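K.L.:
mmCIF, N, CA and C atoms, file coords_0.cif:
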data_structure
#
loop_
_atom_site.label_atom_id
_atom_site.label_comp_id
_atom_site.auth_asym_id
_atom_site.auth_seq_id
_atom_site.Cartn_x
_atom_site.Cartn_y
_atom_site.Cartn_z
N MET A 1 66.11 -8.55 -31.23
CA MET A 1 65.81 -8.12 -32.57
C MET A 1 66.43 -9.13 -33.55
N ASN A 2 65.61 -9.63 -34.48
CA ASN A 2 66.16 -10.61 -35.42
C ASN A 2 66.78 -9.91 -36.63
N SER A 3 67.43 -10.66 -37.47
CA SER A 3 68.17 -10.08 -38.59
C SER A 3 67.25 -9.48 -39.65
N LEU A 4 66.04 -10.02 -39.78
CA LEU A 4 65.11 -9.47 -40.77
C LEU A 4 64.64 -8.08 -40.37
N THR A 5 64.39 -7.87 -39.10
CA THR A 5 63.99 -6.55 -38.61
C THR A 5 65.13 -5.55 -38.78
N ILE A 6 66.33 -5.98 -38.48
CA ILE A 6 67.49 -5.11 -38.68
C ILE A 6 67.64 -4.76 -40.15
N LEU A 7 67.40 -5.73 -41.02
CA LEU A 7 67.49 -5.49 -42.45
C LEU A 7 66.48 -4.44 -42.90
N PHE A 8 65.24 -4.55 -42.44
CA PHE A 8 64.21 -3.60 -42.85
C PHE A 8 64.40 -2.21 -42.23
N ILE A 9 65.15 -2.12 -41.16
CA ILE A 9 65.43 -0.81 -40.56
C ILE A 9 66.74 -0.24 -41.10
N PHE A 10 67.77 -1.07 -41.16
CA PHE A 10 69.10 -0.60 -41.52
C PHE A 10 69.23 -0.23 -43.00
N VAL A 11 68.68 -1.02 -43.88
CA VAL A 11 68.86 -0.78 -45.32
C VAL A 11 68.24 0.54 -45.77
N PRO A 12 66.99 0.88 -45.41
CA PRO A 12 66.46 2.19 -45.83
C PRO A 12 67.25 3.37 -45.25
N ILE A 13 67.72 3.22 -44.00
CA ILE A 13 68.52 4.30 -43.41
C ILE A 13 69.84 4.45 -44.16
N LEU A 14 70.49 3.34 -44.47
CA LEU A 14 71.74 3.38 -45.23
C LEU A 14 71.53 3.98 -46.62
N VAL A 15 70.46 3.60 -47.28
CA VAL A 15 70.17 4.13 -48.61
C VAL A 15 69.94 5.64 -48.54
N ALA A 16 69.19 6.11 -47.57
CA ALA A 16 68.93 7.55 -47.42
C ALA A 16 70.23 8.31 -47.16
N ILE A 17 71.09 7.76 -46.29
CA ILE A 17 72.36 8.43 -46.00
C ILE A 17 73.23 8.50 -47.25
N LEU A 18 73.32 7.41 -48.00
CA LEU A 18 74.15 7.40 -49.21
C LEU A 18 73.60 8.34 -50.29
N LEU A 19 72.28 8.42 -50.43
CA LEU A 19 71.70 9.35 -51.40
C LEU A 19 71.97 10.81 -51.03
N VAL A 20 71.83 11.13 -49.75
CA VAL A 20 72.11 12.50 -49.31
C VAL A 20 73.58 12.83 -49.51
N LEU A 21 74.47 11.92 -49.17
CA LEU A 21 75.90 12.15 -49.40
C LEU A 21 76.21 12.33 -50.88
N ASN A 22 75.57 11.57 -51.73
CA ASN A 22 75.79 11.71 -53.16
C ASN A 22 75.35 13.07 -53.66
N VAL A 23 74.19 13.53 -53.22
CA VAL A 23 73.70 14.84 -53.65
C VAL A 23 74.62 15.95 -53.14
N LEU A 24 75.09 15.83 -51.91
CA LEU A 24 75.91 16.89 -51.32
C LEU A 24 77.35 16.89 -51.83
N LEU A 25 77.93 15.73 -52.06
CA LEU A 25 79.36 15.65 -52.36
C LEU A 25 79.71 15.42 -53.82
N ALA A 26 78.77 14.97 -54.62
CA ALA A 26 79.10 14.64 -56.01
C ALA A 26 79.29 15.91 -56.84
N ALA A 27 80.22 15.83 -57.77
CA ALA A 27 80.46 16.94 -58.68
C ALA A 27 79.35 16.99 -59.71
N HIS A 28 78.81 18.19 -59.94
CA HIS A 28 77.72 18.35 -60.91
C HIS A 28 78.18 19.34 -61.96
N ARG A 29 78.74 18.81 -63.06
CA ARG A 29 79.22 19.65 -64.15
C ARG A 29 78.66 19.13 -65.47
N PRO A 30 77.39 19.44 -65.77
CA PRO A 30 76.83 18.96 -67.04
C PRO A 30 77.45 19.70 -68.22
N ASP A 31 77.68 18.98 -69.28
CA ASP A 31 78.14 19.60 -70.52
C ASP A 31 77.18 19.21 -71.63
N ALA A 32 77.51 19.58 -72.84
CA ALA A 32 76.60 19.33 -73.96
C ALA A 32 76.36 17.85 -74.20
N GLU A 33 77.38 17.03 -74.00
CA GLU A 33 77.22 15.59 -74.23
C GLU A 33 76.38 14.92 -73.15
N LYS A 34 76.52 15.38 -71.90
CA LYS A 34 75.80 14.74 -70.81
C LYS A 34 74.30 15.00 -70.84
N VAL A 35 73.88 16.13 -71.39
CA VAL A 35 72.45 16.46 -71.38
C VAL A 35 71.73 15.99 -72.64
N THR A 36 72.44 15.40 -73.59
CA THR A 36 71.77 14.88 -74.77
C THR A 36 71.11 13.55 -74.45
N ALA A 37 70.15 13.18 -75.28
CA ALA A 37 69.46 11.90 -75.07
C ALA A 37 70.43 10.76 -75.35
N TYR A 38 70.35 9.71 -74.57
CA TYR A 38 71.30 8.61 -74.62
C TYR A 38 71.03 7.70 -75.81
N GLU A 39 71.95 7.64 -76.76
CA GLU A 39 71.93 6.72 -77.90
C GLU A 39 70.62 6.73 -78.69
N CYS A 40 69.94 7.86 -78.76
CA CYS A 40 68.68 7.83 -79.50
C CYS A 40 68.86 8.32 -80.93
N GLY A 41 69.95 9.03 -81.19
CA GLY A 41 70.19 9.46 -82.55
C GLY A 41 69.57 10.79 -82.91
N PHE A 42 68.90 11.44 -81.99
CA PHE A 42 68.27 12.73 -82.25
C PHE A 42 68.91 13.80 -81.38
N MET A 43 69.02 15.00 -81.91
CA MET A 43 69.54 16.11 -81.13
C MET A 43 68.44 16.65 -80.22
N MET A 44 68.82 17.14 -79.05
CA MET A 44 67.85 17.68 -78.11
C MET A 44 67.40 19.06 -78.58
N ILE A 45 66.10 19.31 -78.52
CA ILE A 45 65.54 20.61 -78.85
C ILE A 45 65.28 21.32 -77.53
N ARG A 46 65.80 22.54 -77.40
CA ARG A 46 65.67 23.25 -76.12
C ARG A 46 64.20 23.54 -75.82
N GLY A 47 63.79 23.22 -74.61
CA GLY A 47 62.43 23.46 -74.19
C GLY A 47 61.49 22.29 -74.42
N GLN A 48 61.94 21.29 -75.14
CA GLN A 48 61.10 20.13 -75.40
C GLN A 48 61.33 19.10 -74.31
N THR A 49 60.25 18.61 -73.73
CA THR A 49 60.39 17.65 -72.64
C THR A 49 60.46 16.22 -73.14
N ARG A 50 59.95 15.95 -74.32
CA ARG A 50 59.99 14.59 -74.86
C ARG A 50 60.89 14.56 -76.07
N SER A 51 61.62 13.49 -76.22
CA SER A 51 62.47 13.32 -77.38
C SER A 51 61.89 12.21 -78.25
N PRO A 52 61.62 12.48 -79.51
CA PRO A 52 61.12 11.41 -80.38
C PRO A 52 62.26 10.48 -80.77
N PHE A 53 61.97 9.21 -80.81
CA PHE A 53 62.95 8.27 -81.33
C PHE A 53 62.24 7.12 -82.01
N SER A 54 63.00 6.41 -82.76
CA SER A 54 62.46 5.41 -83.67
C SER A 54 61.81 4.24 -82.94
N ILE A 55 60.78 3.70 -83.52
CA ILE A 55 60.10 2.53 -82.98
C ILE A 55 61.00 1.30 -83.02
N GLN A 56 62.03 1.33 -83.82
CA GLN A 56 62.92 0.18 -83.94
C GLN A 56 63.67 -0.10 -82.64
N TYR A 57 63.86 0.91 -81.80
CA TYR A 57 64.48 0.66 -80.50
C TYR A 57 63.57 -0.21 -79.64
N TYR A 58 62.26 0.05 -79.71
CA TYR A 58 61.32 -0.79 -78.97
C TYR A 58 61.31 -2.21 -79.54
N LEU A 59 61.37 -2.33 -80.86
CA LEU A 59 61.36 -3.66 -81.48
C LEU A 59 62.57 -4.48 -81.05
N VAL A 60 63.73 -3.86 -81.05
CA VAL A 60 64.93 -4.59 -80.65
C VAL A 60 64.85 -4.95 -79.18
N GLY A 61 64.28 -4.07 -78.36
CA GLY A 61 64.10 -4.38 -76.94
C GLY A 61 63.17 -5.57 -76.74
N MET A 62 62.08 -5.61 -77.51
CA MET A 62 61.15 -6.74 -77.38
C MET A 62 61.79 -8.03 -77.89
N LEU A 63 62.57 -7.93 -78.98
CA LEU A 63 63.26 -9.11 -79.48
C LEU A 63 64.29 -9.61 -78.47
N PHE A 64 64.96 -8.69 -77.81
CA PHE A 64 65.91 -9.09 -76.76
C PHE A 64 65.18 -9.84 -75.66
N LEU A 65 64.03 -9.35 -75.25
CA LEU A 65 63.28 -10.04 -74.20
C LEU A 65 62.87 -11.44 -74.61
N VAL A 66 62.46 -11.59 -75.87
CA VAL A 66 62.05 -12.91 -76.34
C VAL A 66 63.21 -13.89 -76.29
N PHE A 67 64.37 -13.47 -76.77
CA PHE A 67 65.51 -14.38 -76.80
C PHE A 67 66.14 -14.53 -75.41
N ASP A 68 65.95 -13.56 -74.55
CA ASP A 68 66.39 -13.71 -73.18
C ASP A 68 65.52 -14.73 -72.45
N LEU A 69 64.24 -14.71 -72.71
CA LEU A 69 63.35 -15.73 -72.14
C LEU A 69 63.65 -17.11 -72.69
N GLU A 70 64.14 -17.16 -73.92
CA GLU A 70 64.54 -18.45 -74.49
C GLU A 70 65.65 -19.07 -73.65
N ILE A 71 66.63 -18.28 -73.28
CA ILE A 71 67.72 -18.79 -72.46
C ILE A 71 67.19 -19.19 -71.08
N LEU A 72 66.27 -18.41 -70.55
CA LEU A 72 65.69 -18.74 -69.25
C LEU A 72 64.93 -20.06 -69.30
N LEU A 73 64.23 -20.32 -70.40
CA LEU A 73 63.49 -21.57 -70.53
C LEU A 73 64.39 -22.76 -70.86
N LEU A 74 65.58 -22.48 -71.36
CA LEU A 74 66.51 -23.56 -71.66
C LEU A 74 67.20 -24.09 -70.41
N TYR A 75 67.34 -23.28 -69.39
CA TYR A 75 68.06 -23.68 -68.18
C TYR A 75 67.45 -24.90 -67.49
N PRO A 76 66.12 -24.95 -67.28
CA PRO A 76 65.58 -26.16 -66.63
C PRO A 76 65.83 -27.43 -67.45
N TYR A 77 65.79 -27.32 -68.76
CA TYR A 77 66.08 -28.50 -69.58
C TYR A 77 67.53 -28.95 -69.38
N ALA A 78 68.42 -27.97 -69.32
CA ALA A 78 69.83 -28.32 -69.17
C ALA A 78 70.11 -29.02 -67.85
N THR A 79 69.33 -28.73 -66.83
CA THR A 79 69.57 -29.36 -65.54
C THR A 79 69.06 -30.80 -65.48
N VAL A 80 68.03 -31.14 -66.28
CA VAL A 80 67.46 -32.49 -66.22
C VAL A 80 67.49 -33.18 -67.58
N ALA A 81 68.41 -32.80 -68.43
CA ALA A 81 68.46 -33.34 -69.79
C ALA A 81 68.67 -34.85 -69.79
N PHE A 82 69.47 -35.36 -68.89
CA PHE A 82 69.73 -36.79 -68.86
C PHE A 82 68.48 -37.57 -68.49
N GLN A 83 67.66 -37.04 -67.62
CA GLN A 83 66.46 -37.74 -67.19
C GLN A 83 65.36 -37.70 -68.24
N LEU A 84 65.33 -36.65 -69.06
CA LEU A 84 64.25 -36.53 -70.05
C LEU A 84 64.46 -37.42 -71.26
N GLY A 85 65.69 -37.67 -71.59
CA GLY A 85 65.97 -38.57 -72.71
C GLY A 85 65.67 -37.94 -74.06
N SER A 86 65.29 -38.79 -75.02
CA SER A 86 65.09 -38.32 -76.39
C SER A 86 63.82 -37.48 -76.52
N TYR A 87 62.80 -37.76 -75.71
CA TYR A 87 61.57 -36.97 -75.79
C TYR A 87 61.84 -35.51 -75.42
N GLY A 88 62.59 -35.27 -74.37
CA GLY A 88 62.95 -33.91 -73.98
C GLY A 88 63.79 -33.23 -75.04
N TYR A 89 64.70 -33.98 -75.65
CA TYR A 89 65.54 -33.42 -76.71
C TYR A 89 64.68 -33.00 -77.90
N ILE A 90 63.72 -33.81 -78.28
CA ILE A 90 62.85 -33.47 -79.41
C ILE A 90 62.02 -32.23 -79.10
N VAL A 91 61.52 -32.12 -77.88
CA VAL A 91 60.72 -30.95 -77.51
C VAL A 91 61.58 -29.69 -77.54
N VAL A 92 62.80 -29.77 -77.02
CA VAL A 92 63.68 -28.60 -77.03
C VAL A 92 64.07 -28.22 -78.45
N MET A 93 64.33 -29.20 -79.31
CA MET A 93 64.66 -28.89 -80.70
C MET A 93 63.47 -28.27 -81.42
N LEU A 94 62.26 -28.72 -81.12
CA LEU A 94 61.06 -28.09 -81.68
C LEU A 94 60.94 -26.65 -81.22
N PHE A 95 61.21 -26.40 -79.95
CA PHE A 95 61.19 -25.05 -79.39
C PHE A 95 62.21 -24.16 -80.10
N PHE A 96 63.44 -24.66 -80.28
CA PHE A 96 64.46 -23.88 -80.97
C PHE A 96 64.13 -23.67 -82.44
N SER A 97 63.51 -24.63 -83.08
CA SER A 97 63.17 -24.45 -84.50
C SER A 97 62.08 -23.39 -84.66
N VAL A 98 61.11 -23.34 -83.75
CA VAL A 98 60.09 -22.29 -83.83
C VAL A 98 60.73 -20.92 -83.61
N LEU A 99 61.63 -20.81 -82.65
CA LEU A 99 62.31 -19.53 -82.43
C LEU A 99 63.20 -19.16 -83.61
N THR A 100 63.85 -20.13 -84.21
CA THR A 100 64.69 -19.86 -85.38
C THR A 100 63.85 -19.38 -86.55
N LEU A 101 62.71 -20.01 -86.76
CA LEU A 101 61.81 -19.56 -87.83
C LEU A 101 61.33 -18.14 -87.57
N GLY A 102 61.01 -17.83 -86.32
CA GLY A 102 60.61 -16.46 -85.98
C GLY A 102 61.73 -15.47 -86.22
N PHE A 103 62.96 -15.84 -85.90
CA PHE A 103 64.10 -14.95 -86.13
C PHE A 103 64.34 -14.74 -87.61
N VAL A 104 64.22 -15.78 -88.41
CA VAL A 104 64.38 -15.65 -89.86
C VAL A 104 63.28 -14.76 -90.43
N TYR A 105 62.08 -14.88 -89.91
CA TYR A 105 60.97 -14.02 -90.35
C TYR A 105 61.26 -12.55 -90.02
N GLU A 106 61.79 -12.29 -88.82
CA GLU A 106 62.14 -10.93 -88.44
C GLU A 106 63.22 -10.36 -89.35
N LEU A 107 64.22 -11.17 -89.65
CA LEU A 107 65.26 -10.71 -90.57
C LEU A 107 64.69 -10.42 -91.95
N GLY A 108 63.79 -11.28 -92.41
CA GLY A 108 63.18 -11.07 -93.72
C GLY A 108 62.33 -9.82 -93.78
N LYS A 109 61.65 -9.50 -92.69
CA LYS A 109 60.82 -8.29 -92.63
C LYS A 109 61.64 -7.03 -92.42
N GLY A 110 62.90 -7.16 -92.06
CA GLY A 110 63.76 -6.00 -91.84
C GLY A 110 63.58 -5.36 -90.48
N ALA A 111 63.15 -6.11 -89.49
CA ALA A 111 62.90 -5.55 -88.16
C ALA A 111 64.20 -5.17 -87.44
N LEU A 112 65.32 -5.72 -87.87
CA LEU A 112 66.57 -5.45 -87.18
C LEU A 112 67.42 -4.40 -87.87
N TYR A 113 66.94 -3.79 -88.93
CA TYR A 113 67.68 -2.74 -89.62
C TYR A 113 67.34 -1.40 -88.98
N PHE A 114 68.38 -0.61 -88.67
CA PHE A 114 68.18 0.64 -87.95
C PHE A 114 68.14 1.86 -88.85
N THR A 115 68.13 1.70 -90.13
CA THR A 115 68.07 2.87 -91.00
C THR A 115 66.67 3.00 -91.57
N ASP A 116 66.18 4.21 -91.54
CA ASP A 116 64.88 4.50 -92.12
C ASP A 116 65.10 4.77 -93.60
N GLN A 117 64.47 3.99 -94.45
CA GLN A 117 64.72 4.11 -95.89
C GLN A 117 64.27 5.46 -96.43
N ARG A 118 63.20 6.03 -95.88
CA ARG A 118 62.74 7.34 -96.36
C ARG A 118 63.75 8.41 -96.03
N SER A 119 64.31 8.39 -94.80
CA SER A 119 65.28 9.43 -94.43
C SER A 119 66.56 9.27 -95.23
N ALA A 120 66.96 8.03 -95.56
CA ALA A 120 68.17 7.83 -96.37
C ALA A 120 67.96 8.40 -97.76
N ILE A 121 66.77 8.24 -98.33
CA ILE A 121 66.48 8.79 -99.66
C ILE A 121 66.46 10.31 -99.59
N ASN A 122 65.87 10.89 -98.55
CA ASN A 122 65.83 12.33 -98.42
C ASN A 122 67.21 12.92 -98.23
N VAL A 123 68.07 12.26 -97.48
CA VAL A 123 69.42 12.75 -97.27
C VAL A 123 70.18 12.74 -98.59
N VAL A 124 70.02 11.68 -99.37
CA VAL A 124 70.72 11.59 -100.65
C VAL A 124 70.24 12.69 -101.59
N THR A 125 68.94 12.94 -101.66
CA THR A 125 68.45 13.96 -102.58
C THR A 125 68.76 15.35 -102.09
N LEU A 126 68.83 15.57 -100.77
CA LEU A 126 69.16 16.90 -100.26
C LEU A 126 70.64 17.22 -100.41
N ASP A 127 71.48 16.20 -100.34
CA ASP A 127 72.92 16.44 -100.46
C ASP A 127 73.38 16.60 -101.90
N ARG A 128 72.53 16.20 -102.83
CA ARG A 128 72.91 16.28 -104.24
C ARG A 128 72.88 17.74 -104.68
N PRO A 129 73.91 18.21 -105.40
CA PRO A 129 73.91 19.61 -105.86
C PRO A 129 72.81 19.82 -106.89
N ALA A 130 72.26 21.03 -106.84
CA ALA A 130 71.18 21.36 -107.78
C ALA A 130 71.75 21.46 -109.19
N SER A 131 71.02 20.90 -110.16
CA SER A 131 71.52 20.96 -111.53
C SER A 131 70.61 21.79 -112.39
#
Please render this file's structure as structure tokens.
P.N.:
Amino acid sequence: MNSLTILFIFVPILVAILLVLNVLLAAHRPDAEKVTAYECGFMMIRGQTRSPFSIQYYLVGMLFLVFDLEILLLYPYATVAFQLGSYGYIVVMLFFSVLTLGFVYELGKGALYFTDQRSAINVVTLDRPAS
């Protein structure tokens, strides 16, 4: 039996054993904080299966992916920078300038702000005492 066959047999068996042990032996004590939605900013409504949350979380996630891919694309240049010379440097600087312009555009559009301006206005007017 070669090591690849052992890997395909042993790993699923080990995973199943560890999952069963976790279900049987782990302490299960949920409290109010554990059952709330994670970092979404909304309180859980009993009986509701979906929790609404702001589209800005998706935007920040997509922006993270874009800039994470930027780092991924920078790595091959860093490994052969000496061989590429000035032409490679110019191409990489052009790449960074396009990404920088995109980031400045996002900042200008307010894509990275997490406050909803309508809700901030409503909170201010609701908290104001009636005159």
K.L.:
Please write out, as lines of an AutoDock Vina configuration file, where the centre of an axis-aligned box around all listed atoms of region 74-92 of chain A lies and how long its edges are, in Å to one decimal, after adding 4 Å on each side.
P.N.:
center_x = 65.4
center_y = -30.6
center_z = -72.4
size_x = 17.4
size_y = 24.3
size_z = 21.9
K.L.:
One number please: atom C of Ile9 (chain A) to atom C of Leu24 (chain A), in Å, one decimal.
P.N.:
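Atom C of Ile9 (chain A) sits 22.8 Å away from atom C of Leu24 (chain A).
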K.L.:
May I ask for the distance between atom N of Leu99 (chain A) and CA of Phe64 (chain A), given in Å to one decimal place?
P.N.:
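If I compute the distance from atom N of Leu99 (chain A) to CA of Phe64 (chain A), I get 13.8 Å.
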K.L.:
Nearest to Tyr113 (chain A) among A:Leu18, A:Gln56, A:Phe95, A:Met1, with distances taken over only N, CA and C atoms: which residue is it?
P.N.:
A:Gln56
K.L.:
Report, in Å to a single decimal, how far apart CA of Tyr77 (chain A) and CA of Val92 (chain A) are.
P.N.:
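One can read the CA of Val92 (chain A) to CA of Tyr77 (chain A) distance as 7.8 Å.
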